[in-house]
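Q: Coordinates in entry16.tsv, TSV, C-alpha atoms, are listed below.
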chain	number	residue	atom	x	y	z
O	1	MET	CA	60.19	112.63	84.78
O	2	ASP	CA	62.17	110.40	87.16
O	3	PHE	CA	64.09	112.60	89.57
O	4	LYS	CA	65.59	109.72	91.57
O	5	ARG	CA	69.35	109.96	91.90
O	6	LYS	CA	71.02	107.10	90.01
O	7	ARG	CA	74.56	105.76	90.13
O	8	LEU	CA	76.27	102.61	88.88
O	9	VAL	CA	78.43	100.72	91.40
O	10	SER	CA	80.67	97.83	90.31
O	11	SER	CA	82.63	95.18	92.19
O	12	GLU	CA	84.66	92.19	91.07
O	13	SER	CA	85.64	88.80	92.45
O	14	VAL	CA	88.06	86.09	91.35
O	15	THR	CA	87.99	82.31	91.75
O	16	GLU	CA	90.34	80.32	93.95
O	17	GLY	CA	92.25	79.35	90.80
O	18	HIS	CA	93.24	82.93	89.97
O	19	PRO	CA	97.05	83.15	90.33
O	20	ASP	CA	96.92	85.84	93.04
O	21	LYS	CA	94.40	83.80	95.01
O	22	VAL	CA	96.51	80.64	94.67
O	23	CYS	CA	99.28	82.62	96.37
O	24	ASP	CA	96.97	83.91	99.12
O	25	GLN	CA	95.82	80.37	99.87
O	26	ILE	CA	99.35	78.96	100.03
O	27	SER	CA	100.44	81.79	102.35
O	28	ASP	CA	97.46	81.27	104.64
O	29	ALA	CA	97.91	77.49	104.57
O	30	VAL	CA	101.44	78.03	105.88
O	31	LEU	CA	100.02	80.31	108.60
O	32	ASP	CA	97.36	77.77	109.56
O	33	GLU	CA	99.87	74.94	109.79
O	34	ILE	CA	102.01	76.97	112.19
O	35	MET	CA	98.99	78.06	114.25
O	36	LYS	CA	98.03	74.39	114.69
O	37	LYS	CA	101.40	73.54	116.22
O	38	ASP	CA	102.69	76.86	117.57
O	39	PRO	CA	99.95	79.45	118.17
O	40	ALA	CA	102.57	81.97	119.35
O	41	GLY	CA	104.48	81.74	116.06
O	42	ARG	CA	105.15	84.87	114.04
O	43	VAL	CA	104.34	84.60	110.36
O	44	ALA	CA	104.71	86.95	107.41
O	45	CYS	CA	104.55	84.59	104.43
O	46	GLU	CA	104.56	85.73	100.82
O	47	THR	CA	104.06	83.52	97.76
O	48	PHE	CA	104.95	84.12	94.12
O	49	ILE	CA	103.71	81.90	91.31
O	50	THR	CA	104.39	81.77	87.59
O	51	ARG	CA	104.63	79.19	84.85
O	52	GLY	CA	105.82	75.95	86.47
O	53	LEU	CA	107.20	77.67	89.58
O	54	VAL	CA	106.09	78.51	93.13
O	55	VAL	CA	108.32	80.60	95.43
O	56	VAL	CA	107.37	80.78	99.12
O	57	GLY	CA	109.24	83.42	101.14
O	58	GLY	CA	108.89	85.90	103.96
O	59	GLU	CA	109.79	85.92	107.64
O	60	ILE	CA	108.67	83.23	110.08
O	61	THR	CA	109.69	82.66	113.70
O	62	THR	CA	108.35	79.43	115.17
O	63	LYS	CA	109.25	76.48	117.39
O	64	THR	CA	107.76	73.99	114.96
O	65	TYR	CA	108.54	72.68	111.48
O	66	ILE	CA	106.32	72.61	108.43
O	67	ASP	CA	106.89	70.96	105.06
O	68	VAL	CA	106.35	73.93	102.75
O	69	ASP	CA	106.82	71.88	99.57
O	70	THR	CA	104.13	69.34	100.42
O	71	LEU	CA	101.78	72.00	101.78
O	72	ALA	CA	102.00	74.18	98.68
O	73	ARG	CA	101.39	71.22	96.36
O	74	GLN	CA	98.35	70.14	98.39
O	75	VAL	CA	96.79	73.60	98.13
O	76	ILE	CA	97.35	73.65	94.36
O	77	LYS	CA	95.83	70.17	94.07
O	78	ASP	CA	92.79	71.16	96.13
O	79	ILE	CA	92.22	74.17	93.89
O	80	GLY	CA	92.15	71.95	90.81
O	81	TYR	CA	95.45	72.35	88.96
O	82	THR	CA	95.79	68.61	88.48
O	83	HIS	CA	96.22	68.25	84.74
O	84	ALA	CA	98.47	69.69	82.04
O	85	LYS	CA	95.42	70.91	80.10
O	86	TYR	CA	95.13	73.75	82.64
O	87	GLY	CA	98.75	74.82	82.09
O	88	PHE	CA	99.86	74.09	85.66
O	89	ASN	CA	100.18	70.86	87.64
O	90	TYR	CA	100.70	70.41	91.37
O	91	GLU	CA	102.89	67.34	90.79
O	92	THR	CA	105.31	68.78	88.25
O	93	CYS	CA	105.74	72.42	89.33
O	94	ALA	CA	108.88	73.48	91.19
O	95	VAL	CA	108.47	74.76	94.78
O	96	VAL	CA	111.24	76.97	96.18
O	97	ASN	CA	111.38	77.81	99.91
O	98	VAL	CA	113.16	81.06	100.77
O	99	ILE	CA	111.67	81.77	104.22
O	100	GLY	CA	113.79	83.63	106.78
O	101	ARG	CA	113.30	84.82	110.38
O	102	GLN	CA	111.55	87.93	111.68
O	103	SER	CA	113.82	90.87	112.45
O	104	PRO	CA	114.62	91.17	116.20
O	105	ASP	CA	114.07	94.93	115.86
O	106	ILE	CA	110.38	94.22	115.14
O	107	SER	CA	110.13	91.40	117.70
O	108	GLN	CA	111.15	93.59	120.63
O	109	GLY	CA	108.13	95.82	120.08
O	110	VAL	CA	105.68	92.99	119.39
O	111	ASP	CA	106.77	90.87	122.36
O	112	THR	CA	105.47	93.54	124.75
O	113	GLY	CA	102.04	93.50	123.08
O	114	GLY	CA	102.62	96.33	120.62
O	115	ALA	CA	101.39	96.47	117.05
O	116	GLY	CA	103.51	94.63	114.48
O	117	ASP	CA	103.54	97.63	112.16
O	118	GLN	CA	102.23	101.14	111.67
O	119	GLY	CA	99.33	101.84	109.36
O	120	LEU	CA	95.59	102.38	109.12
O	121	MET	CA	92.85	99.79	108.76
O	122	VAL	CA	89.22	100.12	107.73
O	123	GLY	CA	86.05	98.21	108.60
O	124	TYR	CA	82.72	98.66	106.87
O	125	ALA	CA	79.13	97.44	107.01
O	126	CYS	CA	75.81	98.43	105.45
O	127	ASP	CA	72.24	97.19	105.70
O	128	GLU	CA	71.57	96.44	102.02
O	129	THR	CA	72.20	92.66	102.21
O	130	PRO	CA	71.80	89.94	104.86
O	131	GLU	CA	75.60	89.77	104.95
O	132	PHE	CA	75.78	93.49	105.88
O	133	MET	CA	77.94	93.93	102.78
O	134	PRO	CA	77.64	95.94	99.55
O	135	MET	CA	75.33	94.26	97.05
O	136	PRO	CA	77.71	94.34	94.03
O	137	LEU	CA	80.46	92.50	95.93
O	138	VAL	CA	78.09	89.93	97.43
O	139	LEU	CA	76.82	89.07	93.95
O	140	ALA	CA	80.33	88.99	92.44
O	141	HIS	CA	81.47	86.52	95.12
O	142	ARG	CA	78.38	84.36	94.60
O	143	LEU	CA	79.25	84.11	90.91
O	144	THR	CA	82.84	82.98	91.45
O	145	MET	CA	81.79	80.52	94.15
O	146	ARG	CA	79.22	79.11	91.76
O	147	LEU	CA	81.86	78.85	89.02
O	148	ALA	CA	83.99	76.73	91.35
O	149	GLU	CA	81.01	74.62	92.40
O	150	VAL	CA	79.90	73.66	88.88
O	151	ARG	CA	83.50	72.93	87.91
O	152	LYS	CA	84.28	70.73	90.91
O	153	LYS	CA	80.99	68.85	90.68
O	154	GLY	CA	81.48	68.23	86.96
O	155	ILE	CA	78.27	70.04	86.04
O	156	LEU	CA	80.20	71.96	83.39
O	157	ASP	CA	83.24	69.79	82.79
O	158	TYR	CA	84.90	72.19	80.35
O	159	LEU	CA	85.62	74.90	82.99
O	160	GLY	CA	89.12	75.43	84.38
O	161	PRO	CA	90.19	76.74	87.82
O	162	ASP	CA	90.89	80.36	86.81
O	163	GLY	CA	88.02	82.81	86.56
O	164	LYS	CA	86.67	86.27	87.34
O	165	SER	CA	83.35	88.02	87.79
O	166	GLN	CA	82.16	91.61	87.89
O	167	VAL	CA	78.72	92.96	88.73
O	168	THR	CA	77.44	96.48	88.13
O	169	VAL	CA	74.37	97.47	90.15
O	170	GLU	CA	72.26	100.56	89.53
O	171	TYR	CA	71.42	102.35	92.78
O	172	LEU	CA	68.37	104.58	93.17
O	173	ASP	CA	68.66	107.11	95.98
O	174	GLY	CA	71.36	105.04	97.63
O	175	ARG	CA	69.58	101.67	97.49
O	176	PRO	CA	70.20	98.76	95.07
O	177	GLY	CA	67.69	98.98	92.23
O	178	ARG	CA	68.69	96.56	89.49
O	179	ILE	CA	71.65	94.70	88.03
O	180	GLU	CA	72.98	96.62	85.04
O	181	THR	CA	75.80	94.34	83.82
O	182	VAL	CA	77.26	90.94	84.70
O	183	VAL	CA	80.73	90.00	83.46
O	184	LEU	CA	81.80	86.38	83.82
O	185	SER	CA	85.11	85.02	82.52
O	186	SER	CA	86.24	81.45	83.06
O	187	GLN	CA	89.17	79.38	81.89
O	188	HIS	CA	87.95	76.51	79.72
O	189	THR	CA	89.08	73.68	77.49
O	190	GLY	CA	88.86	73.79	73.69
O	191	ASP	CA	85.65	71.75	73.67
O	192	ILE	CA	83.41	74.82	73.54
O	193	LEU	CA	85.18	76.83	70.82
O	194	ASP	CA	83.33	77.64	67.61
O	195	LYS	CA	84.63	76.77	64.13
O	196	THR	CA	86.92	79.81	64.03
O	197	GLY	CA	88.70	78.73	67.21
O	198	MET	CA	88.56	82.34	68.42
O	199	HIS	CA	85.33	82.39	70.43
O	200	ILE	CA	83.30	80.11	72.64
O	201	THR	CA	79.97	79.07	71.12
O	202	GLU	CA	76.72	80.90	71.77
O	203	SER	CA	75.28	77.71	73.23
O	204	ALA	CA	78.15	77.56	75.75
O	205	LYS	CA	77.49	81.18	76.71
O	206	ARG	CA	73.82	80.42	77.31
O	207	GLU	CA	74.74	77.34	79.33
O	208	ILE	CA	77.08	79.37	81.55
O	209	ILE	CA	74.41	82.02	82.07
O	210	GLU	CA	71.75	79.45	82.95
O	211	THR	CA	73.97	77.17	85.06
O	212	VAL	CA	76.30	79.64	86.76
O	213	ALA	CA	74.93	83.19	86.61
O	214	LEU	CA	71.19	82.93	87.16
O	215	PRO	CA	71.33	80.59	90.20
O	216	ALA	CA	73.83	82.95	91.87
O	217	LEU	CA	72.03	86.25	91.31
O	218	ASP	CA	69.12	87.95	93.08
O	219	LYS	CA	66.27	87.56	90.60
O	220	LYS	CA	64.50	90.64	91.99
O	221	LEU	CA	67.39	92.72	90.65
O	222	LEU	CA	67.40	91.22	87.15
O	223	THR	CA	65.54	92.96	84.32
O	224	LYS	CA	65.16	92.40	80.59
O	225	ASP	CA	67.88	95.03	80.10
O	226	THR	CA	70.49	93.30	82.29
O	227	ARG	CA	73.56	92.58	80.14
O	228	PHE	CA	75.53	89.33	80.43
O	229	LEU	CA	79.08	89.41	79.07
O	230	ILE	CA	80.50	85.87	79.05
O	231	ASN	CA	84.23	85.55	78.26
O	232	PRO	CA	84.06	88.89	76.43
O	233	THR	CA	87.54	88.53	74.88
O	234	GLY	CA	86.21	85.50	73.00
O	235	LYS	CA	88.10	82.65	74.64
O	236	PHE	CA	90.06	81.87	77.83
O	237	LEU	CA	92.04	78.74	76.99
O	238	ILE	CA	95.29	79.82	78.65
O	239	GLY	CA	94.77	80.71	82.29
O	240	GLY	CA	96.15	80.38	85.78
O	241	PRO	CA	99.90	80.70	86.41
O	242	GLN	CA	100.59	79.80	82.78
O	243	SER	CA	99.11	83.12	81.67
O	244	ASP	CA	99.61	85.45	84.61
O	245	THR	CA	102.03	85.81	87.51
O	246	GLY	CA	100.46	85.64	90.97
O	247	VAL	CA	101.56	87.34	94.20
O	248	THR	CA	100.16	87.25	97.74
O	249	GLY	CA	98.14	90.29	98.74
O	250	ARG	CA	97.29	91.69	95.33
O	251	LYS	CA	93.49	91.38	95.57
O	252	ILE	CA	92.87	93.62	98.58
O	253	ILE	CA	89.64	95.14	97.23
O	254	VAL	CA	88.21	91.71	96.35
O	255	ASP	CA	89.16	90.66	99.90
O	256	THR	CA	87.31	93.55	101.55
O	257	TYR	CA	84.41	95.68	100.32
O	258	GLY	CA	84.63	95.82	96.54
O	259	GLY	CA	85.70	99.45	96.33
O	260	VAL	CA	82.64	100.76	98.17
O	261	ALA	CA	84.68	101.57	101.29
O	262	PRO	CA	88.22	102.97	101.66
O	263	HIS	CA	91.17	100.61	102.16
O	264	GLY	CA	94.19	101.17	104.39
O	265	GLY	CA	96.45	99.44	101.87
O	266	GLY	CA	97.64	96.48	103.94
O	267	ALA	CA	96.97	92.96	102.68
O	268	PHE	CA	95.85	90.12	104.96
O	269	SER	CA	96.97	86.70	103.75
O	270	GLY	CA	100.09	85.10	105.20
O	271	LYS	CA	100.19	87.39	108.24
O	272	ASP	CA	99.68	86.27	111.83
O	273	SER	CA	97.44	88.50	113.91
O	274	THR	CA	100.12	90.49	115.69
O	275	LYS	CA	100.12	92.25	112.33
O	276	VAL	CA	97.37	94.82	112.75
O	277	ASP	CA	96.89	94.89	108.97
O	278	ARG	CA	94.87	91.77	109.60
O	279	SER	CA	93.62	91.79	113.20
O	280	ALA	CA	92.56	95.44	113.28
O	281	ALA	CA	90.81	95.17	109.91
O	282	TYR	CA	88.84	92.22	111.29
O	283	MET	CA	88.07	94.11	114.50
O	284	ALA	CA	86.96	97.18	112.59
O	285	ARG	CA	84.61	95.06	110.49
O	286	TYR	CA	83.23	93.40	113.65
O	287	VAL	CA	82.42	96.73	115.29
O	288	ALA	CA	81.01	98.31	112.12
O	289	LYS	CA	78.77	95.30	111.49
O	290	ASN	CA	77.41	95.33	115.03
O	291	ILE	CA	76.73	99.08	114.83
O	292	VAL	CA	74.62	98.58	111.68
O	293	ALA	CA	72.91	95.46	113.03
O	294	ALA	CA	72.01	97.40	116.19
O	295	GLY	CA	70.17	99.94	114.05
O	296	LEU	CA	72.55	102.75	115.04
O	297	ALA	CA	73.34	103.45	111.37
O	298	ARG	CA	72.43	102.15	107.94
O	299	GLU	CA	76.05	102.39	106.85
O	300	CYS	CA	79.25	102.53	108.89
O	301	THR	CA	82.92	103.02	108.08
O	302	LEU	CA	85.41	102.65	110.92
O	303	GLN	CA	89.08	103.64	110.57
O	304	VAL	CA	91.75	102.79	113.13
O	305	ALA	CA	95.49	103.55	113.05
O	306	TYR	CA	98.58	102.23	114.86
O	307	ALA	CA	102.25	102.96	115.49
O	308	ILE	CA	104.66	100.02	115.39
O	309	GLY	CA	105.40	98.64	118.86
O	310	VAL	CA	102.53	100.60	120.49
O	311	ALA	CA	99.52	98.64	121.72
O	312	GLU	CA	96.76	101.27	121.80
O	313	PRO	CA	95.59	102.78	118.50
O	314	VAL	CA	96.80	106.29	117.76
O	315	GLY	CA	93.58	107.20	115.99
O	316	LEU	CA	90.02	105.94	115.49
O	317	TYR	CA	86.91	107.42	113.93
O	318	VAL	CA	83.45	106.30	112.85
O	319	ASP	CA	81.71	107.71	109.76
O	320	THR	CA	78.06	106.82	109.18
O	321	ARG	CA	77.67	109.15	106.16
O	322	GLY	CA	74.75	110.86	107.80
O	323	SER	CA	72.84	107.65	108.52
O	324	GLY	CA	73.61	107.43	112.25
O	325	VAL	CA	71.01	107.90	114.98
O	326	ILE	CA	73.62	109.58	117.18
O	327	ALA	CA	76.49	111.86	116.15
O	328	ASP	CA	79.58	110.22	114.67
O	329	ASP	CA	81.91	111.73	117.29
O	330	LYS	CA	79.77	110.26	120.08
O	331	LEU	CA	79.71	106.90	118.31
O	332	SER	CA	83.51	107.03	117.95
O	333	LYS	CA	83.91	107.64	121.68
O	334	LEU	CA	81.47	104.84	122.44
O	335	VAL	CA	83.55	102.45	120.33
O	336	LEU	CA	86.81	103.44	122.02
O	337	ASP	CA	85.25	103.02	125.46
O	338	SER	CA	83.60	99.67	124.67
O	339	PHE	CA	86.07	97.64	122.57
O	340	ASP	CA	89.67	96.54	123.10
O	341	PHE	CA	91.67	97.49	120.01
O	342	THR	CA	95.06	96.40	121.36
O	343	PRO	CA	96.65	93.50	119.42
O	344	ARG	CA	96.37	91.17	122.41
O	345	GLY	CA	92.76	92.16	123.00
O	346	MET	CA	91.76	91.67	119.38
O	347	ILE	CA	93.56	88.33	119.14
O	348	LYS	CA	91.81	87.08	122.27
O	349	ASN	CA	88.33	88.37	121.48
O	350	LEU	CA	88.32	87.25	117.84
O	351	LYS	CA	90.18	83.96	118.49
O	352	LEU	CA	92.90	84.79	115.99
O	353	ARG	CA	95.39	82.16	117.14
O	354	GLU	CA	93.30	79.39	115.60
O	355	PRO	CA	94.02	77.83	112.16
O	356	ILE	CA	91.11	79.48	110.36
O	357	PHE	CA	92.80	81.61	107.75
O	358	ARG	CA	93.00	79.53	104.59
O	359	LYS	CA	89.21	79.74	104.42
O	360	THR	CA	89.46	83.53	104.21
O	361	ALA	CA	91.92	83.48	101.31
O	362	SER	CA	89.31	83.17	98.56
O	363	TYR	CA	85.83	84.70	98.13
O	364	GLY	CA	86.40	87.47	100.66
O	365	HIS	CA	87.24	87.86	104.33
O	366	PHE	CA	83.95	89.52	105.27
O	367	GLY	CA	80.26	88.75	104.93
O	368	ARG	CA	80.91	85.02	104.73
O	369	MET	CA	77.72	83.03	105.34
O	370	ASP	CA	79.63	79.74	104.83
O	371	ALA	CA	82.07	80.26	107.73
O	372	LYS	CA	81.77	81.02	111.45
O	373	PHE	CA	84.35	83.75	111.81
O	374	GLU	CA	84.31	85.59	115.14
O	375	TRP	CA	84.46	88.99	113.43
O	376	GLU	CA	81.15	88.25	111.68
O	377	LYS	CA	79.22	87.57	114.89
O	378	LEU	CA	76.53	89.97	116.14
O	379	ASN	CA	77.13	89.50	119.84
O	380	ALA	CA	77.74	93.19	120.61
O	381	VAL	CA	74.38	94.45	119.33
O	382	ASP	CA	72.57	94.61	122.67
O	383	MET	CA	75.50	96.28	124.41
O	384	LEU	CA	75.75	98.94	121.71
O	385	LYS	CA	72.03	99.67	121.82
O	386	LYS	CA	72.08	100.03	125.59
O	387	LYS	CA	75.13	102.27	125.70
O	388	ALA	CA	74.15	104.40	122.72
O	389	LEU	CA	70.53	105.08	123.56
O	390	GLY	CA	69.94	103.90	127.09
O	391	GLY	CA	67.58	101.17	125.97
O	392	LEU	CA	65.46	103.38	123.67
O	393	LYS	CA	64.12	101.58	120.62
O	394	VAL	CA	65.87	102.18	117.31
O	395	ARG	CA	65.02	100.93	113.86
O	396	ALA	CA	66.07	97.41	113.02
O	397	ALA	CA	68.69	96.98	110.35
O	398	VAL	CA	67.01	96.88	106.94
O	399	ARG	CA	67.87	93.82	104.88
O	400	VAL	CA	66.98	93.32	101.23
Have the structure of the file written as structure tokens, please.
A:
Amino acid sequence: MDFKRKRLVSSESVTEGHPDKVCDQISDAVLDEIMKKDPAGRVACETFITRGLVVVGGEITTKTYIDVDTLARQVIKDIGYTHAKYGFNYETCAVVNVIGRQSPDISQGVDTGGAGDQGLMVGYACDETPEFMPMPLVLAHRLTMRLAEVRKKGILDYLGPDGKSQVTVEYLDGRPGRIETVVLSSQHTGDILDKTGMHITESAKREIIETVALPALDKKLLTKDTRFLINPTGKFLIGGPQSDTGVTGRKIIVDTYGGVAPHGGGAFSGKDSTKVDRSAAYMARYVAKNIVAAGLARECTLQVAYAIGVAEPVGLYVDTRGSGVIADDKLSKLVLDSFDFTPRGMIKNLKLREPIFRKTASYGHFGRMDAKFEWEKLNAVDMLKKKALGGLKVRAAVRV
């Protein structure tokens, strides 16, 4: 009898053409454009998208000018909404700009270096993938990135910009064992419908599995029992903003850790880094990742909390779920003594005044192997080892 403890863990991802992600990218494109010209600008940009309409709003205080209409249309074009067959077109949609200025009541606290809002933020890392991220989310992101790649390269010319993935992984005693189920849904043209017009053909399903799914997945985790569910409703002709309203900040679990770790509730996109929703979440990820990479824990969750207008965090703790080589309270103190969690300190150390944010707005903010984000660097490993254990050897982070 197999007495190993089993559990099924699932995570999802969405493509850059998903309506919520279109909004995230427009909001972060606005932020990037301001950071290029006015790094001290204050930005809280929200986007709403629906059939034939884009609304860009929020509060922005800056010395520069940006053409929101042109910028929004360029993002939509880059994503791939360039033809009426996808139900949305960058050339013909309406773009409405309703941006205002930041409240002076908030500014007076931020100008002195205080946090732009209250709240709690969470960072997480684990040693089960080279990205120091949970396996189900890593695989889900790989699938949506591959969907976009085969569409943009014309490998499968019937795919549209909107799409989603979900991966369920069976864990044995806390480690990834095998992939249980893969769900892949993609907008498509009518070319691959069967005679009933209600379902895509079996040959199209096989082609999507072979061209999109298998190249993106870890073959060591695939078994003969792994299920592939391709467009399980039958068809996905109507997608994007034609079928679903999009709003900035509505995919916060996709953006972070796929439900494996807690979430403070604050979204990232469209916010400059005086907003600790973004900067502190990045800093918490940076510290957690370096703790795991240093071999001080196999898994690490770090929570930090702020009061609006106050620079220093009002609370911070580290939770290694029993995997740490030193006690969690000692590790928490070590973190507080070793890292600057003030807004100004985080902005400086993670270079958060640079126009880097549109890249984060699809396929996750963390664990990105295709980007050189400061919060993903492992340049605090040696310092943490030395301070935690006085130079004693600890196990290296396990990567599978």
Q: For Ala140 in chain O, which residue among O:Asp382, O:Glu33, O:Asp218, O:Asp277 is the nearest when counting all atoms listed in the file?
A: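 Among the listed residues, O:Asp218 lies closest to Ala140 in chain O.
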Q: Rounded to one decimal place, report the CA of Gly154 in chain O-CA of Gln25 in chain O distance in Å.
A: 22.8 Å
Q: With a distance cut-off of 12 Å and all atoms listed in the file, select the neighbouring residues of Ile209 in chain O, excluding the residue or stretch itself and same-chain residues fewer than 3 positions from it, and output the selection as a list in words.
A: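 Using all atoms listed in the file, the neighbours found are Leu143, Arg146, Leu147, Leu156, Val182, Val183, Leu184, Ser185, Ser186, Glu202, Ser203, Ala204, Lys205, Arg206, Val212, Ala213, Leu214, Pro215, Ala216, Leu217, Thr226, Arg227, Phe228, Leu229, Ile230 and Asn231 of chain O.
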Q: Go ahead and write the residues just picked, C-alpha atoms, as a PDB file, in the coordinates of the input.
A:
ATOM      1  CA  LEU O 143      79.250  84.110  90.910  1.00  0.00           C
ATOM      2  CA  ARG O 146      79.220  79.110  91.760  1.00  0.00           C
ATOM      3  CA  LEU O 147      81.860  78.850  89.020  1.00  0.00           C
ATOM      4  CA  LEU O 156      80.200  71.960  83.390  1.00  0.00           C
ATOM      5  CA  VAL O 182      77.260  90.940  84.700  1.00  0.00           C
ATOM      6  CA  VAL O 183      80.730  90.000  83.460  1.00  0.00           C
ATOM      7  CA  LEU O 184      81.800  86.380  83.820  1.00  0.00           C
ATOM      8  CA  SER O 185      85.110  85.020  82.520  1.00  0.00           C
ATOM      9  CA  SER O 186      86.240  81.450  83.060  1.00  0.00           C
ATOM     10  CA  GLU O 202      76.720  80.900  71.770  1.00  0.00           C
ATOM     11  CA  SER O 203      75.280  77.710  73.230  1.00  0.00           C
ATOM     12  CA  ALA O 204      78.150  77.560  75.750  1.00  0.00           C
ATOM     13  CA  LYS O 205      77.490  81.180  76.710  1.00  0.00           C
ATOM     14  CA  ARG O 206      73.820  80.420  77.310  1.00  0.00           C
ATOM     15  CA  VAL O 212      76.300  79.640  86.760  1.00  0.00           C
ATOM     16  CA  ALA O 213      74.930  83.190  86.610  1.00  0.00           C
ATOM     17  CA  LEU O 214      71.190  82.930  87.160  1.00  0.00           C
ATOM     18  CA  PRO O 215      71.330  80.590  90.200  1.00  0.00           C
ATOM     19  CA  ALA O 216      73.830  82.950  91.870  1.00  0.00           C
ATOM     20  CA  LEU O 217      72.030  86.250  91.310  1.00  0.00           C
ATOM     21  CA  THR O 226      70.490  93.300  82.290  1.00  0.00           C
ATOM     22  CA  ARG O 227      73.560  92.580  80.140  1.00  0.00           C
ATOM     23  CA  PHE O 228      75.530  89.330  80.430  1.00  0.00           C
ATOM     24  CA  LEU O 229      79.080  89.410  79.070  1.00  0.00           C
ATOM     25  CA  ILE O 230      80.500  85.870  79.050  1.00  0.00           C
ATOM     26  CA  ASN O 231      84.230  85.550  78.260  1.00  0.00           C
TER      27      ASN O 231
END
Q: What's the 10 Å shell around Ala29 in chain O, counting all atoms listed in the file, without same-chain residues fewer than 3 positions away, as a list in words?
A: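 Non-adjacent residues within range: Cys23, Asp24, Gln25, Ile26, Asp32, Glu33, Ile34, Met35, Cys45, Val68, Leu71, Ala72, Gln74, Val75, Ser269, Gly270, Pro355, Ile356, Phe357, Arg358, Lys359 and Ala361 of chain O.
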Q: Compare O:Arg142, O:Lys235, O:Ile208, O:Leu159 by their minimum atom-to-atom distance to Asp194 in chain O, counting all atoms listed in the file, and give me the closest one.
A: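 Among the listed residues, O:Lys235 lies closest to Asp194 in chain O.
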Q: Every residue with an atom at most 9 Å from (99.4, 82.2, 82.5) (file coordinates; only C-alpha atoms) is what I'm after, so could you write them as a list in words?
A: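 Here is the list of nearby residues: Pro19, Thr50, Arg51, Gly87, Phe88, Ile238, Gly239, Gly240, Pro241, Gln242, Ser243, Asp244 and Thr245 of chain O.
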Q: Restricting the output to C-alpha atoms, write the selected residues as a PDB file, keeping the file's coordinate frame.
A:
ATOM      1  CA  PRO O  19      97.050  83.150  90.330  1.00  0.00           C
ATOM      2  CA  THR O  50     104.390  81.770  87.590  1.00  0.00           C
ATOM      3  CA  ARG O  51     104.630  79.190  84.850  1.00  0.00           C
ATOM      4  CA  GLY O  87      98.750  74.820  82.090  1.00  0.00           C
ATOM      5  CA  PHE O  88      99.860  74.090  85.660  1.00  0.00           C
ATOM      6  CA  ILE O 238      95.290  79.820  78.650  1.00  0.00           C
ATOM      7  CA  GLY O 239      94.770  80.710  82.290  1.00  0.00           C
ATOM      8  CA  GLY O 240      96.150  80.380  85.780  1.00  0.00           C
ATOM      9  CA  PRO O 241      99.900  80.700  86.410  1.00  0.00           C
ATOM     10  CA  GLN O 242     100.590  79.800  82.780  1.00  0.00           C
ATOM     11  CA  SER O 243      99.110  83.120  81.670  1.00  0.00           C
ATOM     12  CA  ASP O 244      99.610  85.450  84.610  1.00  0.00           C
ATOM     13  CA  THR O 245     102.030  85.810  87.510  1.00  0.00           C
TER      14      THR O 245
END
Q: May I ask which of the residues O:Lys153, O:Arg73, O:Arg344, O:Arg285 is the closest one to Val96 in chain O, counting only C-alpha atoms?
A: O:Arg73
Q: Please identify all polymer residues within 9 Å of range 58-60 of chain O, counting all atoms listed in the file, omitting same-chain residues fewer than 6 positions from it, and present them as a PDB file with C-alpha atoms, in the frame of the given file.
A:
ATOM      1  CA  GLY O  41     104.480  81.740 116.060  1.00  0.00           C
ATOM      2  CA  ARG O  42     105.150  84.870 114.040  1.00  0.00           C
ATOM      3  CA  VAL O  43     104.340  84.600 110.360  1.00  0.00           C
ATOM      4  CA  ALA O  44     104.710  86.950 107.410  1.00  0.00           C
ATOM      5  CA  CYS O  45     104.550  84.590 104.430  1.00  0.00           C
ATOM      6  CA  GLU O  46     104.560  85.730 100.820  1.00  0.00           C
ATOM      7  CA  THR O  47     104.060  83.520  97.760  1.00  0.00           C
ATOM      8  CA  VAL O  98     113.160  81.060 100.770  1.00  0.00           C
ATOM      9  CA  ILE O  99     111.670  81.770 104.220  1.00  0.00           C
ATOM     10  CA  GLY O 100     113.790  83.630 106.780  1.00  0.00           C
ATOM     11  CA  ARG O 101     113.300  84.820 110.380  1.00  0.00           C
ATOM     12  CA  GLN O 102     111.550  87.930 111.680  1.00  0.00           C
ATOM     13  CA  SER O 103     113.820  90.870 112.450  1.00  0.00           C
ATOM     14  CA  GLY O 270     100.090  85.100 105.200  1.00  0.00           C
TER      15      GLY O 270
END
Q: For Arg250 in chain O, which residue out of O:Glu12, O:Asp370, O:Asp20, O:Asp337 is the nearest one, using all atoms listed in the file?
A: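 That would be O:Asp20, the residue with the smallest distance to Arg250 in chain O.
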